[in-house]
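Visitor: Sharing a structure with you now.
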Amino acid sequence: MRDVGFFRSWLRAMAASVDREAAWLTELDSPIGDADHGSNLQRGFAAVLAAWEEDPPTAPGDALRSAGRTLISTVGGASGPLYGTLLRRAGKELGEATEVTDSQLREALFAGVTAVAQLGGAAPGEKTMLDALVPAVAALSTSYQAAARAAEEGALATVPMLARKGRASYLGERSIGHQDPGATSSALLFRTLADTAAGAS
Ligand code: ADP
Ligand code: MG
């Protein structure tokens, strides 16, 4: 069973990972975007931790919903509402339970990723975060490690893709040959989930 402490550890690890990789995420967002993905997520996840200091979450669903709200209100870019929706929707699925099972978490993340696809109108193959998120949630039924690896492979697989959604799509053919920043940060989200699960179990 996963309690609120697990979710706090996960998103604390995500905030630290985004801090470490911010320069790289921003570099990936330079040729096919506006060079702010790293700073957007750094600001967003730092705000998540700050909001939790003020008002500690009491349950898994509460932690994810509050993190999602904070991302939506603090990240100006496309990625804020998209990650915010993922976490809010997953949090809604988890309800008020003080402990959740791995299969409940898997279902919740699946619902969250479906909500991201609805909000952004994107599908896998269009060079977005969904190219990491969709294979990751599919692999969650195997293990957290498998999900992290699927997300990392999905992020790498965006390199030859033509962007069809978001800022990168304005470049058309010139978007080919670059790794998508959002897919890359989604791989960090699933890597930190796997690391947290490995540490906790
Ligand atoms: P912005 O593009 O507004 O500057 P960010 O740089 O923070 O926002 O995030 C860019 C990332 O957002 C992209 O790399 C892509 O993965 C993701 N993204 C953009 N638009 C969409 C969309 N419609 N659906 C899914 N993901 C998207
Ligand atoms: Mg950007």
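Going through the structure tokens in order, the chains are called A, B, and so on, while each chain numbers its residues from 1 and the ligands are numbered from 1 in the order shown.
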What residues have any atom no more than 6 Å from ligand 1 when counting only C-alpha atoms and all ligand atoms, and can you list them as a PyMOL selection string?
Guide: chain A and resi 34+36-37+40+77-79+120-122+128-130+165-167+180-183
Visitor: List the neighbours of segment 58-67 of chain A out to 6 Å using only C-alpha atoms; skip same-chain residues closer than 4 positions along the sequence, and give me the result as a list in words.
Guide: Val4, Val48, Leu87, Arg88, Gly91, Leu94, Gly95 and Thr98 of chain A
Visitor: Which residues are close to Leu156 of chain A, i.e. within 10 Å by only C-alpha atoms, leaving aside same-chain residues fewer than 6 positions away? Reply as a list of chain:residue names.
Guide: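 The residues that qualify are A:Asp131, A:Ala132, A:Ala150, A:His178, A:Gln179, A:Asp180, A:Ala183, A:Thr184, A:Ala187.
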Visitor: When you draw a straight line from atom CA of Leu105 of chain A to atom CA of Tyr144 of chain A, how long is it in Å?
Guide: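 Here the two named atoms are 10.9 Å from each other.
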Visitor: For a quick check of understanding, using only C-alpha atoms and all ligand atoms, which of A:Ala115, A:Ala163, A:Ala157, A:Ala168 has the smallest distance to ligand 2?
Guide: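 Smallest separation from ligand 2 among the options: A:Ala168.
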Visitor: As an MDAnalysis selection string, please: all residues of segment 6-157 of chain A that backbone DSSP puts in helix (DSSP H, G or I).
Guide: chainID A and resid 6:28 37:54 60:74 79:94 102:120 130:139 144:156
Visitor: Do a neighbour search on Arg191 of chain A at 10 Å with only C-alpha atoms, toss out local chain neighbours closer than 6 positions, and write the hits as number ranges by chain.
Guide: A: 10, 13-14, 17, 136, 144-152, 185, 197
Visitor: Can you tell me which residues surround Thr85 of chain A at a distance of at most 10 Å, considering only C-alpha atoms, apart from same-chain residues fewer than 4 positions away, and format the answer as a VMD selection string?
Guide: chain A and resid 64 to 65 67 to 69 71 to 72 79 to 81 89 to 91 112 to 119
Visitor: Would you mind exporting all heavy atoms of the selected residues as a CSV table (one decimal), in the first residue's frame?
Guide:
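Saved to again_7.csv:
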```csv
chain,number,residue,atom,x,y,z
A,64,LEU,N,-1.8,14.6,-5.0
A,64,LEU,CA,-1.8,14.7,-6.5
A,64,LEU,C,-2.7,15.9,-6.9
A,64,LEU,O,-2.3,16.6,-7.8
A,64,LEU,CB,-2.2,13.4,-7.1
A,64,LEU,CG,-1.2,12.2,-6.9
A,64,LEU,CD1,-1.7,11.0,-7.8
A,64,LEU,CD2,0.2,12.6,-7.3
A,65,ARG,N,-3.8,16.0,-6.3
A,65,ARG,CA,-4.7,17.1,-6.7
A,65,ARG,C,-4.1,18.5,-6.4
A,65,ARG,O,-4.1,19.4,-7.3
A,65,ARG,CB,-6.1,17.0,-6.1
A,65,ARG,CG,-6.9,15.8,-6.6
A,65,ARG,CD,-8.4,15.9,-6.1
A,65,ARG,NE,-8.4,15.8,-4.6
A,65,ARG,CZ,-8.6,14.7,-3.8
A,65,ARG,NH1,-8.6,13.6,-4.4
A,65,ARG,NH2,-8.7,14.8,-2.5
A,67,ALA,N,-0.9,19.2,-6.1
A,67,ALA,CA,0.3,19.3,-6.9
A,67,ALA,C,-0.2,19.8,-8.3
A,67,ALA,O,0.4,20.7,-8.9
A,67,ALA,CB,1.1,18.1,-7.0
A,68,GLY,N,-1.2,19.2,-8.8
A,68,GLY,CA,-1.8,19.5,-10.1
A,68,GLY,C,-2.3,20.9,-10.2
A,68,GLY,O,-2.0,21.7,-11.1
A,69,ARG,N,-3.0,21.3,-9.2
A,69,ARG,CA,-3.5,22.7,-9.1
A,69,ARG,C,-2.3,23.7,-9.1
A,69,ARG,O,-2.4,24.7,-9.8
A,69,ARG,CB,-4.3,23.0,-7.8
A,69,ARG,CG,-5.7,22.5,-7.9
A,69,ARG,CD,-6.6,23.1,-6.8
A,69,ARG,NE,-6.0,22.9,-5.4
A,69,ARG,CZ,-6.2,21.8,-4.7
A,69,ARG,NH1,-7.0,20.8,-5.2
A,69,ARG,NH2,-5.7,21.6,-3.5
A,71,LEU,N,0.7,23.3,-10.3
A,71,LEU,CA,1.4,23.3,-11.6
A,71,LEU,C,0.6,24.2,-12.6
A,71,LEU,O,1.1,25.0,-13.3
A,71,LEU,CB,1.6,21.9,-12.2
A,71,LEU,CG,2.6,21.0,-11.5
A,71,LEU,CD1,2.6,19.7,-12.1
A,71,LEU,CD2,4.0,21.7,-11.5
A,72,ILE,N,-0.7,24.0,-12.5
A,72,ILE,CA,-1.6,24.8,-13.5
A,72,ILE,C,-1.5,26.3,-13.2
A,72,ILE,O,-1.4,27.1,-14.1
A,72,ILE,CB,-3.0,24.3,-13.4
A,72,ILE,CG1,-3.2,22.9,-14.0
A,72,ILE,CG2,-4.0,25.3,-14.1
A,72,ILE,CD1,-4.5,22.2,-13.8
A,79,SER,N,3.1,23.0,-20.8
A,79,SER,CA,3.4,21.8,-20.0
A,79,SER,C,2.7,21.9,-18.6
A,79,SER,O,2.4,20.9,-18.0
A,79,SER,CB,4.9,21.6,-19.8
A,79,SER,OG,5.5,22.7,-19.2
A,80,GLY,N,2.5,23.1,-18.1
A,80,GLY,CA,1.8,23.3,-16.8
A,80,GLY,C,0.4,22.7,-16.7
A,80,GLY,O,0.1,21.8,-15.9
A,81,PRO,N,-0.5,23.2,-17.6
A,81,PRO,CA,-1.8,22.7,-17.6
A,81,PRO,C,-1.8,21.2,-18.0
A,81,PRO,O,-2.7,20.4,-17.5
A,81,PRO,CB,-2.5,23.5,-18.8
A,81,PRO,CG,-1.7,24.8,-18.8
A,81,PRO,CD,-0.3,24.4,-18.4
A,89,ARG,N,-6.3,14.7,-12.4
A,89,ARG,CA,-7.2,13.7,-12.8
A,89,ARG,C,-6.8,12.4,-12.0
A,89,ARG,O,-7.7,11.6,-11.5
A,89,ARG,CB,-7.1,13.5,-14.3
A,89,ARG,CG,-8.0,12.4,-14.8
A,89,ARG,CD,-9.5,12.9,-14.6
A,89,ARG,NE,-10.3,11.7,-14.2
A,89,ARG,CZ,-10.9,11.0,-15.1
A,89,ARG,NH1,-10.8,11.2,-16.4
A,89,ARG,NH2,-11.7,9.9,-14.8
A,90,ALA,N,-5.5,12.1,-11.9
A,90,ALA,CA,-5.1,10.9,-11.2
A,90,ALA,C,-5.5,11.0,-9.7
A,90,ALA,O,-6.0,10.0,-9.1
A,90,ALA,CB,-3.6,10.7,-11.3
A,91,GLY,N,-5.3,12.2,-9.2
A,91,GLY,CA,-5.7,12.4,-7.8
A,91,GLY,C,-7.2,12.2,-7.5
A,91,GLY,O,-7.6,11.7,-6.5
A,112,GLY,N,-5.2,9.7,-15.8
A,112,GLY,CA,-4.5,11.0,-15.9
A,112,GLY,C,-3.9,11.2,-17.3
A,112,GLY,O,-4.0,12.3,-17.9
A,113,VAL,N,-3.3,10.2,-17.8
A,113,VAL,CA,-2.7,10.3,-19.2
A,113,VAL,C,-3.8,10.5,-20.3
A,113,VAL,O,-3.6,11.2,-21.2
A,113,VAL,CB,-1.7,9.1,-19.4
A,113,VAL,CG1,-1.3,9.1,-20.9
A,113,VAL,CG2,-0.5,9.2,-18.5
A,114,THR,N,-4.9,9.8,-20.1
A,114,THR,CA,-6.0,9.9,-21.0
A,114,THR,C,-6.5,11.4,-21.0
A,114,THR,O,-6.8,11.9,-22.1
A,114,THR,CB,-7.1,8.9,-20.6
A,114,THR,OG1,-6.6,7.6,-20.6
A,114,THR,CG2,-8.3,9.0,-21.6
A,115,ALA,N,-6.5,12.0,-19.8
A,115,ALA,CA,-7.0,13.4,-19.7
A,115,ALA,C,-6.0,14.3,-20.4
A,115,ALA,O,-6.4,15.3,-21.0
A,115,ALA,CB,-7.2,13.7,-18.2
A,116,VAL,N,-4.7,14.0,-20.3
A,116,VAL,CA,-3.7,14.8,-21.0
A,116,VAL,C,-3.9,14.8,-22.5
A,116,VAL,O,-3.9,15.8,-23.2
A,116,VAL,CB,-2.3,14.4,-20.7
A,116,VAL,CG1,-1.2,15.1,-21.6
A,116,VAL,CG2,-2.0,14.6,-19.2
A,117,ALA,N,-4.2,13.6,-23.0
A,117,ALA,CA,-4.5,13.4,-24.5
A,117,ALA,C,-5.7,14.2,-24.9
A,117,ALA,O,-5.7,14.8,-26.0
A,117,ALA,CB,-4.6,11.9,-24.8
A,118,GLN,N,-6.8,14.2,-24.0
A,118,GLN,CA,-8.0,14.9,-24.4
A,118,GLN,C,-7.7,16.4,-24.4
A,118,GLN,O,-8.1,17.1,-25.3
A,118,GLN,CB,-9.1,14.6,-23.3
A,118,GLN,CG,-9.8,13.3,-23.7
A,118,GLN,CD,-10.6,12.7,-22.6
A,118,GLN,OE1,-10.6,13.2,-21.5
A,118,GLN,NE2,-11.2,11.6,-22.8
A,119,LEU,N,-7.0,16.9,-23.3
A,119,LEU,CA,-6.8,18.3,-23.2
A,119,LEU,C,-6.0,18.8,-24.4
A,119,LEU,O,-6.3,19.9,-25.0
A,119,LEU,CB,-6.1,18.6,-21.9
A,119,LEU,CG,-5.7,20.1,-21.7
A,119,LEU,CD1,-7.0,21.0,-21.6
A,119,LEU,CD2,-4.8,20.3,-20.4
```
Visitor: Smallest atom-to-atom distance to ligand 2: which of A:Thr192, A:Thr26, A:Ser73, A:Ser175, using only C-alpha atoms and all ligand atoms?
Guide: A:Thr26
